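Q: If you scroll down you'll find the structure; I have some questions about it.
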Amino acid sequence: MQKIEAVIQPQKLDAVKDALVEAGVAGITILEARGHGRQKGHTEFYRGREYSVDLLPKIKLEMVVSDDMVEKTVQAIIGAARTGKIGDGKIFVSKIDEAIRIRNDERGEIAL
Amino acid sequence: MRLSRVKVFAVLVGAVLLGSAVTPAHAQGAVSAVNNGDNAWMLVSAALVLMMSGPGLALFYGGLVRQKNILGTMMQTFAMMAVITVLWALVSYSLAFGDGGHFIGGLHNVFLHGVGLDPDPAYAATIPLQTFMVYQLMFAIITPALITGAFAERMKFSSMLVFMVLWALVVYSPMAHMVWGKNGLLNASLGGKIPCLDFAGGTVVHVTSGVSALVTALYLGKRVGYPKQPMMPHSVVLSFIGACMLWVGWFGFNAGSALAAGTLATSAFVATHFGAAAAAIGWSAAEWIRNGKPSALGAISGSVAGLVAITPASGFVSPMAALAIGLIAGVFCFYMVVKVKAIFGYDDSLDAFGVHGAGGTLGALLTGLFAKSFINPIFGAGKATGFLEGNHRQLLNQALGVAIAWGLSIVGTLLILFVVDKLMGLRVSEEDEQMGLDLSQHGESGYELEAH
């Protein structure tokens with residue numbers, strides 16, 4: 001099992017969600033996040049005062065999938081979220097030791 | 001301890017009841033002079049002006065602060081609606097509009113003694129004096145509320161209450177008496193020595209509140225972290241709603257100042273609307289040129305600046321002059337807020353001085369320039385009113401009125417700040433300021449994210 005975390009542009013959420021369902025990912029968790037990588041922020045003016053906003057709104061997706069699903073999932077996210085410009089986001093993949101379904105204590109991949 | 005408090009309360013209630021028991025005998029006279037149409041308009045106008053404070057100004061200011069201070073900011077305005085009302089009934093109406101000297105009214109009308117349902121022809125011949133009283137009260141409420149924009153996010157609620165009560169007595173009442181009260185030094189319609197044209201409160205409301213705002217901002221000092229830390233408005237949406245309510249309420253403020261529902265009210269209504277529109281365009285154009293984009297906050301700030309500037313002029317100028325006054329005010333206040341504040345570096349948090357002090361001063365002077373006798377023959381039929389009509393002295397009179405308002409506001413406000421500072425301190429602790437006024441002063445949050 002591996003965890004896939006993806007930070008994407010907020011406006012790409014619907015496309016990514018659809019692509020993940022199509023790829024067969026069973027469940028995802030979504031967080032509204034703020035952050036920045038190489039993308040610079042922007043400036044806002046309020047009554048002539050300039051404010052630089054460098055933490056931009058992003059969406060963070062988290063999902064845990066079986067090992068054989070990892071590449072398919074990653075490609076689904078890339079395919080739906082890429083615009084080719086700075087600010088498209090990042091994907092992180094890490095190992096997961098255990099998954100437990102709270103409802104019935106199922107363990108392992110069956111709990112995903 | 002408890003008992004003595006109860007006793008004090010009982011004495012107060014007794015005094016109020018006594019006052020009300022005396023009034024009716026006076027009030028039963030001939031009410032035939034009352035014109036129901038005028039009275040209807042004036043009651044609606046009074047309600048409109050109250051709506052300018054809450055929710056209008058409370059939303060306008062509330063949106064401009066950080067979210068941890070929204071309730072604290074709104075409460076400062078709301079508290080005026082309660083506290084100034086009681087003060088007005090007990091004493092400050094009398095100090096503003098009671099018979100008295102050139103500078104302040106006497107104590108004949110304390111507890112509203114003698115303020116009945118008969119008109120007082122010196123003020124308004126066709127509406128009950130009580131209508132006039134309650135209409136003027138709404139002005140007395142919003143004026144100190146305007147000052148709160150200057151010390152936003154850092155003043156103790158308790159100290160603010162004491163400051164405002166003293167301010168209403170020491171600055172507002174004398175200024176209102178001088179400009180609008182019987183025997184007032186600057187009263188243009190009742191034969192004051194220096195007749196200063198102020199239809200709806202350019203000097204009485206906006207210069208006093210705006211200049212006092214600057215004094216409090218300087219005296220209290222900057223907010224912790226200003227100007228390094230970004231302090232963006234947390235919701236321009238709320239400010240937008242508030243500003244639009246101010247615009248609508250201002251029809252009661254200016255057109256209501258005709259104190260009747262006649263042609264003068266129409267003229268003031270039109271001038272008010274035109275001034276606001278032109279100023280929104282003026283501010284937005286200046287901002288568009290300077291920053292590349294016209295912001296929503298800029299457009300609404302411009303309209304408020306225009307409403308401020310047209311306030312003293314509204315019952316004296318033609319629609320075209322109103323457009324000119326608005327346009328000038330929009331551009332002028334934009335530069336006051338953007339440039340002048342940055343140069344001097346004071347933390348007038350919500351620009352109470354830049355909009356009300358600057359706009360009020362400009363409007364009062366432009367009133368002397370543009371006033372026309374065919375709109376309002378205040379000095380007698382056929383007699384020139386404003387500078388452009390040939391009454392050159394009027395510009396000087398306007399300047400004197402403005403100077404007196406500035407002087408009284410600076411001296412009075414400094415004095416009060418000093419006293420309250422020594423008595424109980426003015427600012428919240430740095431810790432409380434970081435926490436925000438909502439939690440530290442009122443024990444609640446405007447946005448309770450834990451409540452699902």
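The way I read the labels, and the way they are meant: chains A, B, ... in the order of the structure tokens, residue 1 as the first residue of every chain, and ligand 1 as the first ligand shown, with later ones counted on from there.
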Please build the interface table for chain B against chain A with a cut-off of 7 Å, listing for each qualifying residue the nearest atom pair and the distance in Å to one decimal; count only C-alpha atoms, order rows by chain and increasing number, and write it as JSON lines.
A:
{"residue": "B:Pro230", "atom": "CA", "partner": "A:Tyr51", "partner_atom": "CA", "distance": 6.5}
{"residue": "B:Leu297", "atom": "CA", "partner": "A:Tyr46", "partner_atom": "CA", "distance": 6.9}
{"residue": "B:Gly298", "atom": "CA", "partner": "A:Arg47", "partner_atom": "CA", "distance": 6.2}
{"residue": "B:Val337", "atom": "CA", "partner": "A:Arg47", "partner_atom": "CA", "distance": 6.9}
{"residue": "B:Val338", "atom": "CA", "partner": "A:Gly48", "partner_atom": "CA", "distance": 5.0}
Q: From chain A, collect each residue whose DSSP state is alpha helix (DSSP H) and return the set as an MDAnalysis selection string.
A: chainID A and resid 13:23 70:81
Q: Can you pull out every residue within 7 Å of stretch 10-12 of chain A, counting only C-alpha atoms, but drop anything in the same chain fewer than 6 positions away, and send it as a PDB file with C-alpha atoms, in the first residue's frame?
A:
ATOM      1  CA  LYS A  58      -4.527  25.050  -3.198  1.00  0.00           C
ATOM      2  CA  ILE A  59      -6.318  21.734  -2.892  1.00  0.00           C
ATOM      3  CA  ALA A  81      -4.167  18.583 -13.388  1.00  0.00           C
TER       4      ALA A  81
END
Q: Mind checking which residues fall within 12 Å of B:Thr126, counting only C-alpha atoms, ignoring those fewer than 2 positions away in the same chain, and posting them as a PDB file with C-alpha atoms, in the first residue's frame?
A:
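Result file is selection.pdb:
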ATOM      1  CA  ALA B  30     -52.109  73.453  19.719  1.00  0.00           C
ATOM      2  CA  VAL B  31     -50.610  70.807  17.501  1.00  0.00           C
ATOM      3  CA  SER B  32     -52.427  72.171  14.483  1.00  0.00           C
ATOM      4  CA  ALA B  33     -49.209  73.590  12.984  1.00  0.00           C
ATOM      5  CA  VAL B  34     -47.931  70.074  12.459  1.00  0.00           C
ATOM      6  CA  ASN B  35     -47.939  68.970   8.840  1.00  0.00           C
ATOM      7  CA  ASN B  36     -48.432  65.229   8.657  1.00  0.00           C
ATOM      8  CA  GLY B  37     -46.553  64.918   5.364  1.00  0.00           C
ATOM      9  CA  ASP B  38     -43.504  66.690   6.773  1.00  0.00           C
ATOM     10  CA  ASN B  39     -43.658  64.652   9.924  1.00  0.00           C
ATOM     11  CA  ALA B  40     -43.876  61.387   7.995  1.00  0.00           C
ATOM     12  CA  TRP B  41     -40.791  62.247   5.957  1.00  0.00           C
ATOM     13  CA  MET B  42     -38.859  63.339   9.023  1.00  0.00           C
ATOM     14  CA  LEU B 117     -45.219  67.496  20.469  1.00  0.00           C
ATOM     15  CA  ASP B 118     -45.631  71.160  19.547  1.00  0.00           C
ATOM     16  CA  PRO B 119     -43.303  72.418  16.850  1.00  0.00           C
ATOM     17  CA  ASP B 120     -40.585  74.898  17.734  1.00  0.00           C
ATOM     18  CA  PRO B 121     -40.755  77.358  14.803  1.00  0.00           C
ATOM     19  CA  ALA B 122     -37.136  78.418  15.341  1.00  0.00           C
ATOM     20  CA  TYR B 123     -36.070  74.911  14.309  1.00  0.00           C
ATOM     21  CA  ALA B 124     -38.888  73.420  12.231  1.00  0.00           C
ATOM     22  CA  PRO B 128     -43.274  68.110  16.490  1.00  0.00           C
ATOM     23  CA  LEU B 129     -40.209  69.225  18.445  1.00  0.00           C
ATOM     24  CA  GLN B 130     -39.813  65.594  19.518  1.00  0.00           C
ATOM     25  CA  THR B 131     -39.423  64.581  15.875  1.00  0.00           C
ATOM     26  CA  PHE B 132     -36.721  67.213  15.499  1.00  0.00           C
ATOM     27  CA  ALA B 258     -34.587  70.224   4.953  1.00  0.00           C
ATOM     28  CA  LEU B 259     -36.698  69.397   8.050  1.00  0.00           C
ATOM     29  CA  ALA B 260     -39.747  69.243   5.779  1.00  0.00           C
ATOM     30  CA  ALA B 261     -40.869  67.258   2.746  1.00  0.00           C
ATOM     31  CA  GLY B 262     -40.833  70.154   0.289  1.00  0.00           C
TER      32      GLY B 262
END
Q: For stretch 191-204 of chain B, work out the shell of residues within 6 Å, counting only C-alpha atoms and skipping chain neighbours fewer than 4 positions away, then give it as an mmCIF file with N, CA and C atoms, in the first residue's frame.
A:
data_model
loop_
_atom_site.group_PDB
_atom_site.id
_atom_site.type_symbol
_atom_site.label_atom_id
_atom_site.label_comp_id
_atom_site.auth_asym_id
_atom_site.auth_seq_id
_atom_site.Cartn_x
_atom_site.Cartn_y
_atom_site.Cartn_z
ATOM 1 N N MET B 175 -20.451 72.145 19.120
ATOM 2 C CA MET B 175 -20.367 72.387 17.673
ATOM 3 C C MET B 175 -21.756 72.413 17.059
ATOM 4 N N ALA B 176 -22.602 71.467 17.450
ATOM 5 C CA ALA B 176 -23.970 71.439 16.929
ATOM 6 C C ALA B 176 -24.702 72.727 17.327
ATOM 7 N N GLY B 184 -26.653 80.424 18.072
ATOM 8 C CA GLY B 184 -25.336 79.849 17.786
ATOM 9 C C GLY B 184 -24.474 80.803 16.962
ATOM 10 N N LEU B 185 -23.196 80.809 17.265
ATOM 11 C CA LEU B 185 -22.239 81.728 16.641
ATOM 12 C C LEU B 185 -22.209 81.598 15.123
ATOM 13 N N LEU B 186 -22.318 80.355 14.614
ATOM 14 C CA LEU B 186 -22.150 80.112 13.180
ATOM 15 C C LEU B 186 -23.472 79.863 12.462
ATOM 16 N N ASN B 187 -24.595 79.999 13.190
ATOM 17 C CA ASN B 187 -25.892 79.634 12.625
ATOM 18 C C ASN B 187 -26.320 80.586 11.513
ATOM 19 N N THR B 208 -15.596 67.468 12.669
ATOM 20 C CA THR B 208 -15.339 67.123 14.081
ATOM 21 C C THR B 208 -14.908 65.665 14.223
ATOM 22 N N ASN B 254 -29.232 63.975 4.473
ATOM 23 C CA ASN B 254 -29.159 65.260 3.761
ATOM 24 C C ASN B 254 -30.525 65.805 3.371
ATOM 25 N N SER B 257 -32.471 66.878 6.206
ATOM 26 C CA SER B 257 -32.040 68.122 6.849
ATOM 27 C C SER B 257 -32.815 69.341 6.353
ATOM 28 N N THR B 311 -22.419 66.762 1.937
ATOM 29 C CA THR B 311 -23.278 66.943 3.112
ATOM 30 C C THR B 311 -23.525 68.421 3.462
ATOM 31 N N PRO B 312 -22.492 69.261 3.622
ATOM 32 C CA PRO B 312 -22.771 70.657 3.961
ATOM 33 C C PRO B 312 -23.415 71.411 2.801
ATOM 34 N N GLY B 315 -28.093 71.245 0.564
ATOM 35 C CA GLY B 315 -29.285 72.090 0.495
ATOM 36 C C GLY B 315 -29.035 73.449 -0.126
ATOM 37 N N GLY B 360 -14.859 66.388 4.639
ATOM 38 C CA GLY B 360 -15.723 67.366 5.309
ATOM 39 C C GLY B 360 -15.193 68.778 5.161
ATOM 40 N N ALA B 364 -17.086 71.678 3.062
ATOM 41 C CA ALA B 364 -17.510 72.914 3.720
ATOM 42 C C ALA B 364 -17.025 74.132 2.934
ATOM 43 N N ASN B 397 -16.254 82.980 5.715
ATOM 44 C CA ASN B 397 -17.099 82.454 6.794
ATOM 45 C C ASN B 397 -16.998 80.936 6.883
ATOM 46 N N GLN B 398 -16.982 80.297 5.717
ATOM 47 C CA GLN B 398 -16.865 78.836 5.709
ATOM 48 C C GLN B 398 -15.534 78.413 6.332
ATOM 49 N N GLY B 401 -15.714 78.738 10.035
ATOM 50 C CA GLY B 401 -16.471 77.625 10.608
ATOM 51 C C GLY B 401 -15.622 76.362 10.683
#
Q: Please compute the atom CA of B:Val331-atom CA of B:Leu362 distance, one decimal, in Å.
A: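 Answer for the atom CA of B:Val331 to atom CA of B:Leu362 separation: 11.5 Å.
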Q: What does the distance between atom CA of B:Glu430 and atom CA of B:Leu71 come to in Å, to one decimal place?
A: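 A separation of 18.5 Å between them.
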Q: Atom CA of B:Met245 to atom CA of B:Ser349: how many Å, to one decimal?
A: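 Atom CA of B:Ser349 lies at a distance of 21.2 Å from atom CA of B:Met245.
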